[in-house]
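Student: Next up is a structure, given as structure tokens.
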Amino acid sequence: MSAISQRRMRPRFDVNGWLFVGPALALIATFMIFPVLHSLWMSFQTGLGMRLSFGGMKNIHRLFNDPLFFTALKNTFIFFLVQVPVMLTLALITASLLNNPDLKFRGLMRTAIFLPCVTSLVAYTVLFKSMFVANGLVNTVLINLGIVDTGIPWMTDPFWCRTMIIIAITWRWTGYNMIFYLAAMQNIDRSVYEAARIDGVPTWARFLHLTVPMLKPVILFTTVTSTIGTLQLFDEVATITGGGSAGGAAGPGNSALTLSLYIYNLTFKFAPNFGYAATVSYVIVILVAILSFLQFFAARERKA
Amino acid sequence: MTSYGLKQRFSSVVVYAFLGVMAFLSIFPFLWMVIGATNTTSDIIKGKMSFGESLLLNATTFFTQVNAPLIFWNSAKITIIATVLTLLISSLAGYGFEIFASRFREKLYTLMLLTLMIPFAALMIPLFMLMGKLGLINTHIAVVLPTVASAFIIFYFRQSTKAFPHELRDAARVDGLKEWQIFFLIYMPVMRSTYAAAFIIVFMTVWNSYLWPLVVLQSNDTKTITLVISSLGSAYYPDYGAVMIGTVLATIPTLFVFFAMQRQFVEGMLGSVK
């Protein structure tokens with residue numbers, strides 16, 4: 001391309017570029033950037049409802065003396081630390097098994113495993129709730145299989161209540177993450193596997209030393225998105241515990257109280273305290289930032 | 001080499017068993033939902049796994065408790081408007097970011113990607129106050145507006161645009177097409193599998209969304225199907241029979257969209273990871 005035509009075209013490109021990205025940027029500024037800054041400002045304010053005044057560090061002081069906040073923080077971390085690794089490992093194993101082109105019923109199984117993510121979080125939670133009731137389906141099956149003698153107290157024991165929620169979330173999201181891995185695996189040259197197989201490298205070693213390193217960018221992406229999702233856990237715990245509609249504790253011993261559910265309760269169910277709720281919400285902002293940074297850092301370290 | 005063959009056969013049995021169990025467990029709750037819709041609540045909480053005769057009774061209970069046509073219309077209206085706007089505005093931006101160079105492009109793009117990390121809880125209260133000031137509480141516009149600019153979908157379109165053949169653009173330019181004409185007449189039809197995948201993702205996200213509608217839609221005549229299922233299903237002793245009717249009805253549209261566009265979805269996903 002000649003220098004003249006380049007000079008003639010460049011400014012026109014710039015105007016066009018702004019026209020294309022402008023509407024999206026304006027919306028993001030209005031409905032993401034402005035609110036997130038506004039809630040930072042609000043996190044330093046105290047008062048009820050709309051009558052807020054500057055309170056300095058009062059909210060942070062309250063935060064460190066709030067047992068409910070620490071319960072919510074602990075629960076959120078339990079969900080994150082147990083659920084994300086279990087789900088992503090399961091998704092990765094499933095994807096690498098499904099990636100075999102000689103497999104029979106491959107498309108069918110892929111569709112079946114992906115299907116849970118068409119359900120709404122609320123609808124599938126109700127389904128799980130109905131399967132895990134005291135004398136319900138899951139306990140009956142477990143007793144008949146001889147795995148347990150008496151029914152597991154899914155709804156009344158904190159440990160089992162959290163376990164049920166983790167099972168439910170894993171059911172909903174494993175197939176979703178699997179699709180990302182499957183898509184990325186299509187780009188791996190099969191001859192690499194063939195060579196390793198002929199050299200006698202066992203299946204598990206091929207998985208660990210070939211598949212996992214080559215999928216690192218996608219694994220990082222799914223880890224970060226799953227982390228963000230789990231730290232914001234709301235729909236499931238609100239539906240299982242009735243925390244989104246009625247008063248009282250969120251699950252046995254508040255075992256299902258997550259940070260997002262606590263923020264919702266602070267805003268819309270207790271005496272509305274927008275300032276303090278904003279402070280708690282910034283705890284999630286900071287956690288997401290730290291954990292995402294650590295995950296990027298860990299992924300970079302291993303590459304070197 | 002018999003031992004090698006045996007080992008092979010054994011490991012393929014393990015693979016099929018593992019995938020079979022995964023597939024079964026994934027499908028099972030759907031089956032449970034359909035069976036549950038035909039059983040009474042007391043049968044459901046006993047774990048009855050066969051079809052019953054209470055379908056009509058459950059449906060009657062559901063339709064007398066819930067103004068179903070209105071609730072469905074609300075969900076459909078919100079979902080269709082939000083999906084079309086999101087695809088349009090986010091694909092314009094994804095295309096714009098990839099095609100047009102400018103000084104601030106990469107900085108703006110990084111800033112935009114950082115918004116992916118903002119948890120919704122940190123936006124909820126200011127957004128609620130903003131909608132209150134604009135007089136939009138209890139309106140469907142308030143549900144749609146914050147979903148339309150999706151950093152995730154913009155990212156997805158920018159990634160996919162890398163695969164858009166620039167020969168097509170160059171040829172179109174030589175033919176004298178304007179930039180917006182290239183986008184609407186060439187890019188959109190060529191990238192239809194990308195649009196299909198994005199359509200599925202956005203449609204499901206909006207149709208199933210819960211927290212923001214819960215906050216902003218407080219009057220009964222504006223509520224969506226997800227909100228209704230939640231209020232029926234989170235009761236201490238829910239009428240599961242009736243709730244199952246609701247979950248079946250709420251799942252049909254997303255299942256339909258998924259099966260109608262599944263092929264393009266897989267193609268679109270592949271395109272974005274390349």
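All residue names refer to the structure tokens as shown: chains lettered A, B, ... in order, residues numbered from 1 in each chain, ligands numbered from 1 in order.
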Contacts of Leu92 in chain A at 9 Å or less, counting only C-alpha atoms, minus same-chain residues fewer than 6 places along, as a VMD selection string?
Tutor: chain A and resid 174 177 to 178 181 to 182 212 219
Student: Residues as selected, C-alpha atoms, written as a compact mmCIF listing (two decimals), in the first residue's frame, can you do that?
Tutor:
# COMPACT_ATOMS: atom_id res chain seq x y z
CA THR A 174 -18.62 -29.23 34.71
CA ASN A 177 -15.92 -25.89 31.40
CA MET A 178 -15.45 -29.15 29.50
CA TYR A 181 -11.20 -27.71 27.03
CA LEU A 182 -12.64 -29.72 24.13
CA VAL A 212 -2.28 -30.09 30.66
CA ILE A 219 -7.14 -23.79 32.15
Student: Could you pull the residues within 12 Å of Pro217 in chain A, counting only C-alpha atoms, minus those fewer than 4 positions along the same chain, as a PyMOL selection string?
Tutor: (chain A and resi 180-181+184-185+211-213+221-224+295-296+298-300+303) or (chain B and resi 273-274)
Student: Name the residues in contact with range 22-39 of chain A at a cut-off of 8 Å, using only C-alpha atoms, excluding same-chain residues fewer than 2 positions from it; report them as a short mmCIF file (atom, residue, chain, number, x, y, z; two decimals) with C-alpha atoms, in the first residue's frame.
Tutor:
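For reference, part.cif as written:
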data_model
loop_
_atom_site.label_atom_id
_atom_site.label_comp_id
_atom_site.auth_asym_id
_atom_site.auth_seq_id
_atom_site.Cartn_x
_atom_site.Cartn_y
_atom_site.Cartn_z
CA TRP A 18 -14.75 4.98 17.83
CA LEU A 19 -18.18 4.55 16.24
CA PHE A 20 -17.87 0.77 16.52
CA TRP A 41 -17.30 5.92 47.86
CA MET A 42 -20.34 4.46 49.65
CA SER A 43 -18.19 1.98 51.54
CA GLY A 275 -22.69 1.84 53.18
CA ALA A 278 -20.76 -1.70 49.94
CA THR A 279 -17.82 -2.32 52.30
CA ILE B 89 -23.44 -3.76 20.49
CA SER B 90 -20.87 -6.29 21.68
CA ALA B 93 -17.18 -3.43 19.72
CA MET B 112 -12.70 -3.22 29.64
CA THR B 115 -14.51 -5.06 34.38
CA ILE B 118 -16.02 -6.74 39.12
CA ALA B 122 -20.32 -4.40 44.19
CA LEU B 123 -22.55 -2.96 41.45
CA ILE B 125 -26.55 -1.13 45.29
CA PRO B 126 -25.32 1.79 43.12
CA LEU B 127 -27.20 0.35 40.13
CA LEU B 145 -29.63 -2.00 30.37
CA PRO B 146 -26.78 -3.34 32.56
CA VAL B 148 -26.19 -5.15 27.16
CA ALA B 149 -22.51 -4.22 27.27
CA SER B 150 -20.88 -7.54 28.05
#
Student: I'd like to know which of A:Val192, A:Leu121, A:Ala72, A:Leu220 is closest to chain B, using only C-alpha atoms.
Tutor: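 Selected residue with least distance to chain B: A:Leu121.
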Student: Using only C-alpha atoms, which residue out of A:Gly229, A:Gly136, A:Pro116, A:Gly251 lies closest to Met22 in chain B?
Tutor: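 Ranked by minimum distance to Met22 in chain B, first place goes to A:Pro116.
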Student: Nearest to Ser209 in chain B: which of A:Met214, A:Ala183, A:Phe234, A:Asn65 is it, counting only C-alpha atoms?
Tutor: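 Residue with the minimum atom-to-atom distance to Ser209 in chain B: A:Phe234.
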Student: Hey, what's within 9 Å of Phe97 in chain B if we count only C-alpha atoms and toss same-chain stuff fewer than 6 positions away? As a list in words, please?
Tutor: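 Within the cut-off, the hits are Gly17, Phe20 and Val21 of chain A; Arg105, Glu106, Tyr109, Ile154 and Arg158 of chain B.
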Student: DSSP on the backbone, then: every residue of range 83-129 of chain B marked helix (DSSP H, G or I), written as a PyMOL selection string.
Tutor: chain B and resi 83-99+105-117+121-129
Student: Range 167-173 of chain B: which residues within 7 Å, counting only C-alpha atoms, same-chain residues fewer than 3 positions away excluded, as a short mmCIF file (atom, residue, chain, number, x, y, z; two decimals) with N, CA and C atoms, in the first residue's frame?
Tutor:
data_model
loop_
_atom_site.label_atom_id
_atom_site.label_comp_id
_atom_site.auth_asym_id
_atom_site.auth_seq_id
_atom_site.Cartn_x
_atom_site.Cartn_y
_atom_site.Cartn_z
N GLY B 176 -15.80 -0.35 -2.92
CA GLY B 176 -16.38 0.93 -2.48
C GLY B 176 -17.38 0.82 -1.35
N LEU B 177 -17.42 -0.31 -0.63
CA LEU B 177 -18.34 -0.42 0.49
C LEU B 177 -17.84 0.41 1.67
N ILE B 182 -19.59 -3.01 5.29
CA ILE B 182 -18.77 -4.22 5.39
C ILE B 182 -19.22 -5.03 6.61
#
Student: Taking only C-alpha atoms into account, name the residue in A:Val237, A:Leu287, A:Met109, A:Met164 that is nearest to chain B.
Tutor: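 Smallest distance to chain B is found for A:Met109.
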Student: When you draw a straight line from CA of Ile78 in chain A to CA of Pro153 in chain A, how long is it in Å?
Tutor: 19.1 Å
Student: Enter the distance from CA of Leu217 in chain B to CA of Val285 in chain A, in Å, rounded to one decimal.
Tutor: 25.4 Å
Student: Which residue is closest to chain B? Choose from A:Phe297, A:Phe105, A:Phe69, A:Phe77 and count only C-alpha atoms.
Tutor: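 Among the listed residues, A:Phe105 lies closest to chain B.
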Student: Of the residues B:Leu136, B:Leu88, B:Val243, B:Ile252, which is the one nearest to Ala59 in chain B, using only C-alpha atoms?
Tutor: B:Val243
Student: Which residues, written as a list of chain:residue names, have at least one atom at most 12 Å from Pro67 in chain A, with only C-alpha atoms counted and residues fewer than 5 positions away on the same chain left out?
Tutor: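 Near Pro67 in chain A, the qualifying residues are A:Arg62, A:Ala72, A:Leu73, A:Lys74, A:Asn254, A:Leu257, A:Tyr262.
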Student: Could you pull out the residues in range 44-96 of chain A that DSSP calls strand (DSSP E or B) from the backbone, as a list in words?
Tutor: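 In range 44-96 of chain A, DSSP puts these residues in strand (DSSP E or B): Gln45, Thr46, Ser53 and Phe54 of chain A.
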Student: Please compute the CA of Pro119 in chain B-CA of Leu231 in chain A distance, one decimal, in Å.
Tutor: 8.2 Å
Student: What's the 9 Å shell around Gly241 in chain B, counting only C-alpha atoms, without same-chain residues fewer than 3 positions away, as a PDB file with N, CA and C atoms, in the first residue's frame?
Tutor:
ATOM      1  N   GLY B  36     -41.262 -35.870  38.070  1.00  0.00           N
ATOM      2  CA  GLY B  36     -41.812 -35.139  39.202  1.00  0.00           C
ATOM      3  C   GLY B  36     -43.051 -34.340  38.840  1.00  0.00           C
ATOM      4  N   ALA B  37     -43.086 -33.825  37.614  1.00  0.00           N
ATOM      5  CA  ALA B  37     -44.241 -33.023  37.202  1.00  0.00           C
ATOM      6  C   ALA B  37     -45.521 -33.845  37.181  1.00  0.00           C
ATOM      7  N   THR B  38     -45.394 -35.188  37.142  1.00  0.00           N
ATOM      8  CA  THR B  38     -46.593 -36.032  37.092  1.00  0.00           C
ATOM      9  C   THR B  38     -46.925 -36.637  38.457  1.00  0.00           C
ATOM     10  N   ASN B  39     -46.145 -36.298  39.482  1.00  0.00           N
ATOM     11  CA  ASN B  39     -46.367 -36.898  40.796  1.00  0.00           C
ATOM     12  C   ASN B  39     -46.804 -35.856  41.821  1.00  0.00           C
ATOM     13  N   THR B  40     -47.430 -36.333  42.901  1.00  0.00           N
ATOM     14  CA  THR B  40     -47.790 -35.419  43.981  1.00  0.00           C
ATOM     15  C   THR B  40     -46.543 -35.073  44.789  1.00  0.00           C
ATOM     16  N   THR B  41     -46.632 -33.965  45.522  1.00  0.00           N
ATOM     17  CA  THR B  41     -45.486 -33.533  46.318  1.00  0.00           C
ATOM     18  C   THR B  41     -45.046 -34.617  47.298  1.00  0.00           C
ATOM     19  N   SER B  42     -46.006 -35.320  47.916  1.00  0.00           N
ATOM     20  CA  SER B  42     -45.610 -36.329  48.903  1.00  0.00           C
ATOM     21  C   SER B  42     -44.894 -37.496  48.228  1.00  0.00           C
ATOM     22  N   ASP B  43     -45.253 -37.812  46.972  1.00  0.00           N
ATOM     23  CA  ASP B  43     -44.507 -38.850  46.246  1.00  0.00           C
ATOM     24  C   ASP B  43     -43.108 -38.364  45.878  1.00  0.00           C
ATOM     25  N   ILE B  44     -43.011 -37.098  45.507  1.00  0.00           N
ATOM     26  CA  ILE B  44     -41.709 -36.560  45.090  1.00  0.00           C
ATOM     27  C   ILE B  44     -40.722 -36.607  46.250  1.00  0.00           C
ATOM     28  N   SER B  54     -50.619 -37.165  38.471  1.00  0.00           N
ATOM     29  CA  SER B  54     -50.983 -35.864  39.013  1.00  0.00           C
ATOM     30  C   SER B  54     -50.574 -34.697  38.129  1.00  0.00           C
ATOM     31  N   LEU B  55     -50.269 -34.967  36.872  1.00  0.00           N
ATOM     32  CA  LEU B  55     -49.830 -33.895  35.981  1.00  0.00           C
ATOM     33  C   LEU B  55     -50.850 -32.766  35.919  1.00  0.00           C
ATOM     34  N   LEU B  57     -53.330 -32.079  37.980  1.00  0.00           N
ATOM     35  CA  LEU B  57     -53.480 -31.430  39.283  1.00  0.00           C
ATOM     36  C   LEU B  57     -52.357 -30.416  39.505  1.00  0.00           C
ATOM     37  N   ASN B  58     -51.103 -30.846  39.250  1.00  0.00           N
ATOM     38  CA  ASN B  58     -49.956 -29.948  39.416  1.00  0.00           C
ATOM     39  C   ASN B  58     -50.076 -28.729  38.524  1.00  0.00           C
ATOM     40  N   ALA B  59     -50.459 -28.982  37.263  1.00  0.00           N
ATOM     41  CA  ALA B  59     -50.581 -27.879  36.315  1.00  0.00           C
ATOM     42  C   ALA B  59     -51.653 -26.896  36.785  1.00  0.00           C
ATOM     43  N   THR B  61     -52.679 -26.371  39.871  1.00  0.00           N
ATOM     44  CA  THR B  61     -52.148 -25.609  41.004  1.00  0.00           C
ATOM     45  C   THR B  61     -51.228 -24.503  40.526  1.00  0.00           C
ATOM     46  N   PHE B  62     -50.309 -24.865  39.605  1.00  0.00           N
ATOM     47  CA  PHE B  62     -49.337 -23.877  39.127  1.00  0.00           C
ATOM     48  C   PHE B  62     -50.037 -22.708  38.443  1.00  0.00           C
ATOM     49  N   PRO B 238     -42.039 -26.573  50.063  1.00  0.00           N
ATOM     50  CA  PRO B 238     -42.571 -26.181  48.755  1.00  0.00           C
ATOM     51  C   PRO B 238     -43.548 -27.222  48.220  1.00  0.00           C
ATOM     52  N   MET B 244     -42.376 -28.233  39.872  1.00  0.00           N
ATOM     53  CA  MET B 244     -41.829 -28.996  38.735  1.00  0.00           C
ATOM     54  C   MET B 244     -42.435 -28.519  37.415  1.00  0.00           C
ATOM     55  N   ILE B 245     -43.744 -28.233  37.424  1.00  0.00           N
ATOM     56  CA  ILE B 245     -44.372 -27.700  36.213  1.00  0.00           C
ATOM     57  C   ILE B 245     -43.647 -26.413  35.799  1.00  0.00           C
TER      58      ILE B 245
END
